[in-house]
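Novice: Dropping the structure in here first, questions after.
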Amino acid sequence: MVKFLINRPVAVFMASLAFLLLGMVAAAKIPTSLMPDIPIPEITVQVSYPNNTARELETNIVRPLRNQLLQVGNLKDISSETRDGFAALKLSFEYGTNTNLAFVETNEKVDASLNYLPRDLERPKVIKASVTDIPIVNLTVSLKDDFSSEKFLELSDFTETVLKKRIEQLPDIALADISGLTKPEIVVTPDIQKLQSLGLDSNELINAIKRNNFELGNLLVQNGIYQYNFKFANPLKNKKDIQNIYLNIHNKLFQISDLASVKLQAEQNKGLIYVNGKRAIVLAVIKQADARVYELKESLDKVTQSLVEDYPNLEFTTNQDQTKLLQLSIDNLKSSLWLGSFLAILIMFFFLQDVKSPLIIAISIPVSLIVSIFFMYLFGLSINIISLSGLILGVGMMIDNAIIVIDNITQKLEEGSNLANACVRGTNEIITPLISSVLTTCSVFLPLLFLSGITGALFYDQALAVAIGLFSSLLVSIVLIPVIYNQLNKKTFKFEKWLQLKVQTQHIENWYEKGYDFFFKRKSILYGISTFFALLAVLFLLLMPYSQLPELNQNEVILNIDWNENITVEENQKRIASLFSEETNLQTVFSKVGEQQFLLQQENTKSFSEAAIYLKTNTIDEIEKLKNNLQGNINRVFKSATFSFEEPKNIFQYLFGNRKSALIAQVFSRSSLEVPPEESLPRIQRLLKKVSTTEIPLKQTAFIEVLHEKILLYDVSYDDLLHELKSTFNQNFVDNLKTAQKFIPIKLNYQQETFETMITDLFVKNKNNELIAVRNLIKTYPAQQYKTITANRSGEYLAFDVHTNKNIENKINEIQNVFKKQKDYNVRFDGSFFDIKALGNELLVVVLVAILLLYFIMAAQFESLWQPIIILLEIPIDIGGALLLLWLFGGTINVMSAIGIVVMSGVIINDSILKLHTINLLRKEGKSTHEAIKLGGKLRLKPILMTSLTTILALLPFLFIDGLGAELQKPLALTVIGGMLIGTFISLYFIPLMYALLSKKEVYEKST
């Protein structure tokens, strides 16, 4: 085939140009995103029922709803978290479940449950989790000057009706999820003294408003042969209309404005957004699934810039830009490509002393990359962090394959073959080992597809990207490179003689021969080195810490704080502002205080006393200093507060971030469906004091008990009493004002200063129109309640994080023995320990399958059962070198270091496969085993050194440069460099030694 192609260079070049053209068109159209659009098997059901305690909500709504949702098919687990007025139920499904069907079925179960839930309950929201629902950037809007509540009401309305629509008009944006809005309400505050003097109560005002706010629909009236539609207009359109309502009192007309004040004001805030000390509104921008992130970001920046110009009184800022990780990955690919190509050209120029061979490298790598993107587009992949990591591996192999093909053709020329024959023989000779090396690299990824959950789905994208990159490189290496080599070497360029370096590489081969003789005479040294690094691999795999991502030194952090006091969101924000009043190095302070209004909010809502604060400084050192200052200030000034720091969530943490502790003890009641009562909490904490310091949060609650005997005695209506209490606490909803664009709630409110005066000065009419003091009808007393009630499919429980060590099983037995003696409580366990254990068992099977696949592929190539064992023995030795360098630099075993190990193994295995293939060819030509091993080593010396040096030098800068991109790439660089350093040595000397040893046994077995 190669001979056929060499004789038709025009056809090859035209076909290559056609592929390049298609690849460039595909590159312009292929979607770019942070992660592949994979279905996350999770659905969240949110329940909102204001003015109800967590206990009432859990017992009357969440528990029946949870039992109903347990019937959804393929449900893996269900958990709920209930607070005052709000609850979130999370349904986890087996991966592979059709989430669209699960979403429909969940909605059906929710609808079915509405038959026995309270009638005034707003239908629970059902939210299907998706990678694309994660905001790519937060855009905040605030006022520059006027911070009054009236102006912020206007800003809220303007943001919701204008700014949100402007952003959502961009074709690549699916939703601008909004939070921080202030909603308007109309408050009618009666003049109590006037009403009492006229012998009235608040019910008269309520009834008057409702009568005037009545709207009858269309009436169809027939008049002869004609029909007419009549519509009764709603007379109440604004605040003034309410003030002008007339009441007939003792045959005298009064307006509501005579008996009460009517105000249009902002509703009581349940949540706030603040940016750098200014109240703001945040728009969380969510992209379309097939959007190109760069184009989206550019168009969003243009819209933001136009908004800045159009509305100079508004201030726009952005934070938590998720596109940075994608930018870093693409930058890493570019730097790896450019640096790797440049070093490959330089090293090939040094070893081959030829300007044409490096030029072929410079042509072949971008061609391979563009062809890869074309095939990725055909297979429906996107450019994302996962597929890019596969392409980075592909780039390394592209350089490796190109070097091997060029070097082999050059060797045939040096042996005396003519140019065309050298191209044909040099390429045909290595087609089989190149295909084998591609298959062995792919076989490492193929078993990973059988991992359950999201991990397996993500590896699908990576495995496909790796396979596409490798096969594109193989295609270019055996089709295009021989043709280009043949065409370039037909001509001699005048400038070649000026670029020739008179560098002799003969001494490198002499060094190799000396080393070969030295180690073959002292085999114990080789055995010792190999055994040492293999044992290191096992030791480090057992003892080194594991993590999802490398620890990134960032100038950003999120402070999660709960003041553990019954404070308002305004007081919450004041305390936050006081924490940062003296901090001068802060670049951004973005506070999410209390409840948030996001439509796609999947996390549980926060209470009024909680906040999440995003902080950004100018440098990394400043963020560490800031964390230390904040920790000291909070512990000193707000001793009851609990807080924690966490890294801003990137896309990996949204998907892989396991919020579970390693081990969680779930304490539940033996005799009740409810959690153990609050008064038993100290006793439970004493039982667990040796293993856990978790404090279950309690809140101080004021209970109002209605004295029913007093209601009967004073002949007071129960409903009238509730109306008066609701009015006192500004919770007495009257009706909605139906304006042109929205409904504005109308509430009745009594203006009082303190809780005591509210109750003392409150009266209610009985059935005899006598005023009865409310304080005689109720009793108030304080009590403590759980702030949050957690439950799963097994029921309610109290969750305690257990201090773990390596003997987690012993810790479980210890806790179980403690609770066996308890009659009232029992314990069950959960935590990431069980998830990791299950994943570890899966990985063990995956590794065994991968090793067997490697063995079968190489056994088929070499037609030998013992030769693949040589290469398999090399892998743990190389991993030992990789993990040693990673450990020396203080790294962890994570996603990036694992990719580095695969990259390193692919390159080293490729070199070893080619070496054994060359030795086998020489033996077939009649050379003895010793001669074939020594000559094969010399023939493959330069390709091995060139690929090793290219790979190591391309990644070396990542060890010494700073920045988020370098830190993300650093574990990959460390494992590749460490593995390549020891792997090159092993490939040069250990492989020949093992070949000689095992071939003697083969000869002995055949002779016997």
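If you're wondering about the labels, chains in the structure tokens are A, B, ... by order shown, residues count from 1 in each chain, ligands from 1 in order shown.
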I'd like the neighbourhood of region 428-436 of chain A as a ChimeraX atom specification, where a residue qualifies if any of its atoms comes within 7 Å (using only C-alpha atoms), though same-chain residues fewer than 4 positions away should be ignored.

Specialist: /A:424,440,857-858,861,913-914,917

Novice: Mind listing the strand (DSSP E or B) residues of region 70-183 of chain A, per DSSP on the backbone, as a PyMOL selection string?

Specialist: chain A and resi 75-83+86-93+125-130+137-143+173-179

Novice: Using only C-alpha atoms, pick whichever of A:Ile744, A:Ala577, A:Leu935, A:Ile944 has the shortest atom-to-atom distance to Lys239 (chain A).

Specialist: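 Of all the options, A:Ile744 lies closest to Lys239 (chain A).
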
Novice: What is the CA of Asp824 (chain A) to CA of Ser671 (chain A) distance in Å?

Specialist: 6.8 Å

Novice: In Å, how far is it from CA of Ile879 (chain A) to CA of Ile383 (chain A)?

Specialist: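 One can read the CA of Ile879 (chain A) to CA of Ile383 (chain A) distance as 29.2 Å.
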
Novice: With only C-alpha atoms as the atoms that count, which of A:Lys942, A:Leu953, A:Ala996, A:Thr605 lies nearest to Ile403 (chain A)?

Specialist: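 Going through A:Lys942, A:Leu953, A:Ala996, A:Thr605 one by one, the smallest distance to Ile403 (chain A) is for A:Lys942.
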
Novice: Identify which of the residues A:Ile982, A:Val902, A:Asp715, A:Arg923 lies closest to Phe533 (chain A), counting only C-alpha atoms when measuring atom-to-atom distances.

Specialist: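 Closest to Phe533 (chain A) of all the choices is A:Ile982.
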